[in-house]
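Structure file upload_9.csv (CSV, C-alpha atoms and all ligand atoms) is printed below.
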chain,number,residue,atom,x,y,z
R,1,MET,CA,-14.3,-13.5,-0.4
R,2,ALA,CA,-17.4,-13.1,1.8
R,3,TYR,CA,-17.8,-10.0,4.0
R,4,GLN,CA,-17.4,-11.6,7.4
R,5,ASP,CA,-14.3,-13.5,6.4
R,6,ALA,CA,-12.8,-10.4,4.8
R,7,ALA,CA,-13.5,-8.3,7.9
R,8,GLN,CA,-11.8,-10.8,10.2
R,9,ALA,CA,-8.9,-11.1,7.9
R,10,LEU,CA,-8.5,-7.3,7.7
R,11,VAL,CA,-8.5,-7.1,11.5
R,12,GLU,CA,-5.7,-9.6,11.7
R,13,THR,CA,-3.7,-7.9,8.9
R,14,GLY,CA,-4.0,-4.6,10.8
R,15,ARG,CA,-2.5,-6.1,13.9
R,16,ARG,CA,0.5,-7.5,11.9
R,17,ILE,CA,1.1,-4.3,10.0
R,18,ASP,CA,0.9,-2.2,13.2
R,19,SER,CA,3.3,-4.6,14.9
R,20,ARG,CA,5.9,-3.8,12.2
R,21,GLY,CA,5.5,0.0,12.9
R,22,TRP,CA,3.8,0.7,9.6
R,23,ALA,CA,0.5,1.9,11.1
R,24,PRO,CA,1.3,4.6,13.7
R,25,ALA,CA,-1.5,6.8,15.2
R,26,THR,CA,-4.5,6.2,12.9
R,27,ALA,CA,-2.4,5.9,9.7
R,28,GLY,CA,-3.0,3.3,7.0
R,29,ASN,CA,-6.1,1.8,5.4
R,30,TYR,CA,-6.9,-1.6,3.9
R,31,SER,CA,-9.5,-3.2,1.6
R,32,VAL,CA,-10.7,-6.4,0.0
R,33,ARG,CA,-12.8,-6.9,-3.1
R,34,LEU,CA,-15.8,-9.1,-2.1
R,35,ASP,CA,-17.5,-11.8,-4.1
R,36,ASP,CA,-20.4,-9.5,-5.1
R,37,GLY,CA,-18.0,-6.8,-6.4
R,38,SER,CA,-18.4,-4.5,-3.4
R,39,ILE,CA,-15.5,-3.6,-1.3
R,40,ALA,CA,-14.7,-4.2,2.4
R,41,VAL,CA,-12.7,-1.2,3.7
R,42,THR,CA,-11.5,0.2,7.0
R,43,VAL,CA,-13.6,2.8,8.6
R,44,SER,CA,-11.8,6.2,8.7
R,45,GLY,CA,-10.0,7.2,11.9
R,46,TRP,CA,-9.5,3.8,13.5
R,47,HIS,CA,-6.2,2.7,14.9
R,48,LYS,CA,-5.3,-0.1,12.5
R,49,GLY,CA,-3.6,-2.2,15.2
R,50,ARG,CA,-6.7,-2.1,17.3
R,51,LEU,CA,-9.3,-2.8,14.7
R,52,THR,CA,-12.3,-5.0,15.4
R,53,VAL,CA,-14.9,-6.0,12.8
R,54,ASP,CA,-16.8,-2.7,13.7
R,55,GLY,CA,-13.8,-0.9,12.1
R,56,ILE,CA,-14.6,-2.5,8.7
R,57,MET,CA,-17.5,-1.5,6.4
R,58,ARG,CA,-18.7,-2.1,2.8
R,59,VAL,CA,-18.8,0.4,0.0
R,60,ASP,CA,-19.8,0.1,-3.7
R,61,GLY,CA,-17.5,0.8,-6.7
R,62,GLN,CA,-18.2,4.5,-6.3
R,63,GLY,CA,-17.3,4.6,-2.7
R,64,ARG,CA,-20.8,4.9,-1.4
R,65,ALA,CA,-21.4,3.3,2.0
R,66,LEU,CA,-23.4,0.1,1.9
R,67,SER,CA,-23.1,-0.3,5.7
R,68,PRO,CA,-22.9,2.2,8.6
R,69,GLY,CA,-19.7,4.2,9.0
R,70,LYS,CA,-17.5,6.7,7.2
R,71,PRO,CA,-15.1,4.9,4.8
R,72,SER,CA,-11.4,5.6,4.8
R,73,ALA,CA,-10.5,9.1,3.5
R,74,GLU,CA,-8.4,7.3,0.9
R,75,THR,CA,-11.1,4.9,-0.3
R,76,ALA,CA,-10.9,6.5,-3.8
R,77,LEU,CA,-7.3,5.3,-4.1
R,78,HIS,CA,-8.3,1.7,-3.4
R,79,LEU,CA,-11.2,2.0,-5.9
R,80,ALA,CA,-8.8,3.3,-8.5
R,81,ILE,CA,-6.6,0.2,-8.1
R,82,TYR,CA,-9.6,-2.1,-8.4
R,83,ARG,CA,-10.7,-0.3,-11.6
R,84,MET,CA,-7.2,-0.4,-13.2
R,85,PHE,CA,-6.5,-4.0,-12.3
R,86,PRO,CA,-9.5,-6.4,-12.5
R,87,ASP,CA,-7.3,-9.1,-10.9
R,88,ALA,CA,-6.6,-7.0,-7.8
R,89,GLY,CA,-8.4,-8.5,-4.8
R,90,ALA,CA,-6.9,-6.5,-1.9
R,91,VAL,CA,-5.1,-3.2,-1.3
R,92,LEU,CA,-3.0,-2.2,1.7
R,93,HIS,CA,-1.6,1.2,2.7
R,94,GLY,CA,1.0,1.8,5.3
R,95,HIS,CA,2.9,4.8,6.7
R,96,SER,CA,6.3,3.4,7.6
R,97,PRO,CA,9.0,5.9,8.6
R,98,GLU,CA,11.4,4.2,6.1
R,99,ALA,CA,9.1,4.5,3.1
R,100,VAL,CA,8.2,8.1,4.0
R,101,GLY,CA,11.9,8.9,4.6
R,102,LEU,CA,12.9,7.5,1.2
R,103,SER,CA,10.2,9.5,-0.5
R,104,ARG,CA,11.5,12.7,1.1
R,105,ALA,CA,15.2,12.0,0.6
R,106,ALA,CA,14.5,11.3,-3.1
R,107,SER,CA,12.9,14.7,-3.4
R,108,GLY,CA,11.8,15.5,-7.0
R,109,ALA,CA,12.4,11.9,-8.2
R,110,SER,CA,9.4,10.2,-9.7
R,111,GLU,CA,10.7,6.7,-8.9
R,112,TRP,CA,13.2,4.6,-6.9
R,113,VAL,CA,14.8,1.7,-8.7
R,114,PHE,CA,15.7,-1.5,-6.9
R,115,ARG,CA,18.3,-3.6,-8.7
R,116,GLY,CA,19.7,-7.0,-8.1
R,117,HIS,CA,17.9,-8.0,-4.9
R,118,GLU,CA,16.7,-11.5,-4.4
R,119,MET,CA,13.7,-9.9,-2.7
R,120,LEU,CA,12.5,-8.6,-6.1
R,121,LYS,CA,11.0,-12.1,-6.4
R,122,ALA,CA,8.3,-10.9,-3.8
R,123,PHE,CA,6.7,-9.1,-6.8
R,124,PRO,CA,4.3,-11.4,-8.7
R,125,GLY,CA,5.9,-12.5,-12.0
R,126,THR,CA,9.5,-11.7,-11.0
R,127,THR,CA,11.5,-14.8,-11.1
R,128,THR,CA,15.1,-13.6,-10.8
R,129,HIS,CA,17.2,-11.2,-8.8
R,130,ASP,CA,19.1,-10.3,-12.0
R,131,THR,CA,16.7,-7.5,-12.9
R,132,GLU,CA,15.4,-4.1,-11.8
R,133,ARG,CA,12.0,-2.9,-10.7
R,134,SER,CA,10.8,0.7,-10.3
R,135,LEU,CA,8.8,2.0,-7.3
R,136,PRO,CA,6.8,5.0,-8.6
R,137,ILE,CA,6.8,8.1,-6.3
R,138,VAL,CA,4.0,10.7,-6.7
R,139,GLU,CA,3.4,13.9,-4.8
R,140,ASN,CA,0.9,14.0,-1.9
R,141,SER,CA,-2.4,15.7,-2.1
R,142,GLN,CA,-5.6,15.8,-0.2
R,143,ASP,CA,-7.4,15.5,-3.5
R,144,MET,CA,-7.4,11.7,-4.2
R,145,ARG,CA,-8.2,12.3,-7.9
R,146,GLU,CA,-4.9,14.2,-8.3
R,147,ILE,CA,-2.9,11.3,-6.8
R,148,GLU,CA,-4.7,8.8,-9.0
R,149,ASP,CA,-4.2,10.9,-12.2
R,150,ALA,CA,-0.5,11.4,-11.3
R,151,VAL,CA,0.3,7.7,-10.7
R,152,ARG,CA,-1.9,6.0,-13.3
R,153,PRO,CA,0.7,6.2,-16.2
R,154,ALA,CA,3.4,4.6,-14.1
R,155,LEU,CA,1.1,1.8,-12.8
R,156,LEU,CA,0.0,0.9,-16.4
R,157,THR,CA,3.6,0.7,-17.7
R,158,PRO,CA,4.5,-2.9,-18.7
R,159,GLY,CA,6.6,-4.5,-15.9
R,160,ALA,CA,5.2,-2.2,-13.2
R,161,ILE,CA,5.1,-3.6,-9.7
R,162,PRO,CA,1.9,-3.5,-7.7
R,163,ALA,CA,3.0,-0.8,-5.4
R,164,TYR,CA,3.7,3.0,-5.3
R,165,LEU,CA,4.8,5.6,-2.9
R,166,ILE,CA,3.1,8.9,-2.1
R,167,ARG,CA,5.7,11.5,-1.0
R,168,SER,CA,5.8,12.4,2.7
R,169,HIS,CA,2.8,10.1,3.1
R,170,GLY,CA,3.1,6.3,2.6
R,171,LEU,CA,3.1,3.2,0.5
R,172,TYR,CA,0.3,1.5,-1.4
R,173,ALA,CA,0.6,-2.2,-2.3
R,174,TRP,CA,-1.9,-4.7,-3.7
R,175,GLY,CA,-2.3,-8.2,-4.9
R,176,GLN,CA,-4.8,-10.8,-6.1
R,177,ASP,CA,-5.7,-11.5,-2.4
R,178,LEU,CA,-4.7,-10.2,1.0
R,179,ALA,CA,-1.8,-12.6,1.3
R,180,GLU,CA,-0.3,-11.4,-1.9
R,181,ALA,CA,-0.9,-7.7,-1.1
R,182,GLU,CA,0.8,-8.3,2.3
R,183,ARG,CA,3.8,-10.0,0.6
R,184,VAL,CA,4.2,-7.1,-1.8
R,185,LEU,CA,4.0,-4.5,1.1
R,186,GLU,CA,6.4,-6.5,3.2
R,187,GLY,CA,8.8,-7.1,0.3
R,188,THR,CA,8.8,-3.4,-0.7
R,189,GLU,CA,9.4,-2.4,2.9
R,190,TRP,CA,12.3,-4.9,3.1
R,191,LEU,CA,13.9,-3.5,-0.1
R,192,ILE,CA,13.6,0.1,1.3
R,193,ALA,CA,15.1,-1.0,4.6
R,194,ALA,CA,17.9,-2.9,2.9
R,195,GLU,CA,18.9,0.0,0.8
R,196,ARG,CA,18.8,2.3,3.8
R,197,ALA,CA,21.1,-0.1,5.6
R,198,GLU,CA,23.4,-0.3,2.6
R,199,ALA,CA,23.7,3.5,2.4
R,200,GLY,CA,24.5,3.7,6.1
R,201,PHE,CA,27.3,1.0,5.8
R,202,ARG,CA,28.7,2.8,2.7
R,203,ARG,CA,28.9,6.1,4.7
R,204,ALA,CA,30.5,4.4,7.7
R,205,TRP,CA,33.2,2.8,5.6
R,206,GLN,CA,34.1,5.8,3.5
R,207,PRO,CA,37.7,6.9,4.1
R,301,LIG,C1,-2.3,9.8,10.9
R,301,LIG,S1,-3.6,10.4,9.9
R,301,LIG,C2,-3.3,9.6,8.3
R,301,LIG,C3,-4.5,9.8,7.4
R,301,LIG,O1,-4.5,11.2,7.1
R,301,LIG,C4,-4.4,9.0,6.2
R,301,LIG,O2,-3.3,9.3,5.4
R,301,LIG,C5,-4.5,7.5,6.5
R,301,LIG,O3,-3.7,6.8,6.1
R,301,LIG,C6,-5.6,7.0,7.3
R,301,LIG,O4,-6.9,7.6,7.0
R,301,LIG,P1,-8.2,6.9,7.2
R,301,LIG,O5,-9.3,7.8,6.9
R,301,LIG,O6,-8.2,6.4,8.7
R,301,LIG,O7,-8.2,5.7,6.3
R,302,ZN,ZN,-2.5,7.5,4.4
Could you express the structure from this file as structure tokens?
Ligand SMILES: CSC[C@@H](O)[C@@H](O)C(=O)COP(=O)(O)O
Ligand SMILES: [Zn+2]
Amino acid sequence: MAYQDAAQALVETGRRIDSRGWAPATAGNYSVRLDDGSIAVTVSGWHKGRLTVDGIMRVDGQGRALSPGKPSAETALHLAIYRMFPDAGAVLHGHSPEAVGLSRAASGASEWVFRGHEMLKAFPGTTTHDTERSLPIVENSQDMREIEDAVRPALLTPGAIPAYLIRSHGLYAWGQDLAEAERVLEGTEWLIAAERAEAGFRRAWQP
């Protein structure tokens, strides 16, 4: 993707993610891998529902700025995904209350397993509901290297989905392009919301 197209697409993605309540305050960050191997990424501190193309910049594979601005504080996590997965073309990060609530309720757990949902087919390569997929959960840190080191083994496990959850922080999702990354983010958010609803109904109907 060329830079101008990527910047415009990221602005529109930010509006959609914010409209779902997954980008409150200045939370979240987004990126796209460009044709020349550099990365278009959100500038740190922008409200992601109010992005303009001035809120997008370019960095190289080491996170060094190639255009004016301070890249997202979590740029290193985006770069880690691009390094691990050569086919990844876009990374999205949101802070939905549901995803963060799940990560805190499952305190101490290193994963949350989704079983039997038709929505599992939102994950690339999953063709049936009759299976299970694990969402890795890692502890939060202000040291991006710690998060990357903690999550890498789970992400490289065969059958891993292109998403993980940072406890008390938010959800990362990626795909070969922005549309696929958004589908994974949305599918994962839906699965979390459905399981929360299920838990509520089960509680309500307990004798
Ligand atoms: C509400 S602050 C959230 C930030 O600390 C961070 O987690 C985040 O997602 C956005 O940081 P940013 O540097 O704007 O990309
Ligand atoms: Zn964040």
Would you list the residues that come within 12 Å of ligand LIG 301 (chain R)? Count only C-alpha atoms and all ligand atoms and give the answer as a short mmCIF file (atom, residue, chain, number, x, y, z; two decimals) with C-alpha atoms, in the coordinates of the input.
data_model
loop_
_atom_site.label_atom_id
_atom_site.label_comp_id
_atom_site.auth_asym_id
_atom_site.auth_seq_id
_atom_site.Cartn_x
_atom_site.Cartn_y
_atom_site.Cartn_z
CA GLY R 14 -4.00 -4.60 10.80
CA TRP R 22 3.80 0.70 9.60
CA ALA R 23 0.50 1.90 11.10
CA PRO R 24 1.30 4.60 13.70
CA ALA R 25 -1.50 6.80 15.20
CA THR R 26 -4.50 6.20 12.90
CA ALA R 27 -2.40 5.90 9.70
CA GLY R 28 -3.00 3.30 7.00
CA ASN R 29 -6.10 1.80 5.40
CA TYR R 30 -6.90 -1.60 3.90
CA SER R 31 -9.50 -3.20 1.60
CA VAL R 41 -12.70 -1.20 3.70
CA THR R 42 -11.50 0.20 7.00
CA VAL R 43 -13.60 2.80 8.60
CA SER R 44 -11.80 6.20 8.70
CA GLY R 45 -10.00 7.20 11.90
CA TRP R 46 -9.50 3.80 13.50
CA HIS R 47 -6.20 2.70 14.90
CA LYS R 48 -5.30 -0.10 12.50
CA GLY R 49 -3.60 -2.20 15.20
CA LEU R 51 -9.30 -2.80 14.70
CA GLY R 55 -13.80 -0.90 12.10
CA ILE R 56 -14.60 -2.50 8.70
CA MET R 57 -17.50 -1.50 6.40
CA GLY R 69 -19.70 4.20 9.00
CA LYS R 70 -17.50 6.70 7.20
CA PRO R 71 -15.10 4.90 4.80
CA SER R 72 -11.40 5.60 4.80
CA ALA R 73 -10.50 9.10 3.50
CA GLU R 74 -8.40 7.30 0.90
CA THR R 75 -11.10 4.90 -0.30
CA ALA R 76 -10.90 6.50 -3.80
CA LEU R 77 -7.30 5.30 -4.10
CA HIS R 78 -8.30 1.70 -3.40
CA LEU R 92 -3.00 -2.20 1.70
CA HIS R 93 -1.60 1.20 2.70
CA GLY R 94 1.00 1.80 5.30
CA HIS R 95 2.90 4.80 6.70
CA SER R 96 6.30 3.40 7.60
CA VAL R 100 8.20 8.10 4.00
CA ASN R 140 0.90 14.00 -1.90
CA SER R 141 -2.40 15.70 -2.10
CA GLN R 142 -5.60 15.80 -0.20
CA ASP R 143 -7.40 15.50 -3.50
CA MET R 144 -7.40 11.70 -4.20
CA ILE R 166 3.10 8.90 -2.10
CA ARG R 167 5.70 11.50 -1.00
CA SER R 168 5.80 12.40 2.70
CA HIS R 169 2.80 10.10 3.10
CA GLY R 170 3.10 6.30 2.60
CA LEU R 171 3.10 3.20 0.50
CA TYR R 172 0.30 1.50 -1.40
#
Checklist entry - Which polymer residues have any atom within 10 Å of an atom of Glu12 in chain R, counting all atoms listed in the file, with same-chain residues fewer than 3 positions away left out, as a list of chain:residue names? => result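 Near neighbours after the sequence-gap exclusion: R:Ala6, R:Ala7, R:Gln8, R:Ala9, R:Arg15, R:Arg16, R:Ile17, R:Lys48, R:Gly49, R:Arg50, R:Leu51, R:Thr52, R:Val53.
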Checklist entry - What is the distance between CA of Gly200 in chain R and CA of Ser134 in chain R, in Å to one decimal? => result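 Computing it gives 21.6 Å between the two atoms.
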Checklist entry - Which of these residues is nearest to Ser67 in chain R, using all atoms listed in the file: R:Tyr3, R:Ala179, R:Gly37, R:Asp130? => result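 Once distances to Ser67 in chain R are computed over all atoms listed in the file, the minimum belongs to R:Tyr3.
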What's the 10 Å shell around range 84-88 of chain R, counting all atoms listed in the file, without same-chain residues fewer than 5 positions away, as an mmCIF file with C-alpha atoms, in the coordinates of the input?
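Output file selection.cif follows:
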data_model
loop_
_atom_site.group_PDB
_atom_site.id
_atom_site.type_symbol
_atom_site.label_atom_id
_atom_site.label_comp_id
_atom_site.auth_asym_id
_atom_site.auth_seq_id
_atom_site.Cartn_x
_atom_site.Cartn_y
_atom_site.Cartn_z
ATOM 1 C CA VAL R 32 -10.700 -6.400 0.000
ATOM 2 C CA ARG R 33 -12.800 -6.900 -3.100
ATOM 3 C CA HIS R 78 -8.300 1.700 -3.400
ATOM 4 C CA LEU R 79 -11.200 2.000 -5.900
ATOM 5 C CA ARG R 152 -1.900 6.000 -13.300
ATOM 6 C CA LEU R 155 1.100 1.800 -12.800
ATOM 7 C CA LEU R 156 0.000 0.900 -16.400
ATOM 8 C CA PRO R 162 1.900 -3.500 -7.700
ATOM 9 C CA TRP R 174 -1.900 -4.700 -3.700
ATOM 10 C CA GLY R 175 -2.300 -8.200 -4.900
ATOM 11 C CA GLN R 176 -4.800 -10.800 -6.100
ATOM 12 C CA ASP R 177 -5.700 -11.500 -2.400
ATOM 13 C CA LEU R 178 -4.700 -10.200 1.000
ATOM 14 C CA GLU R 180 -0.300 -11.400 -1.900
ATOM 15 C CA ALA R 181 -0.900 -7.700 -1.100
#
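Among the candidate residues R:Ile147, R:Arg133, R:Asp35, R:Phe201, the one lying nearest to ligand ZN 302 (chain R) is R:Ile147, with distances computed using only C-alpha atoms and all ligand atoms.
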Checklist entry - So how far away is CA of Pro207 in chain R from CA of Gly101 in chain R, in Å? => result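 Between these atoms lies a distance of 25.9 Å.
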Checklist entry - Suppose you want the space between CA of Ala154 in chain R and CA of Glu98 in chain R; what is it in Å? => result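 Pair CA of Ala154 in chain R / CA of Glu98 in chain R returns 21.7 Å.
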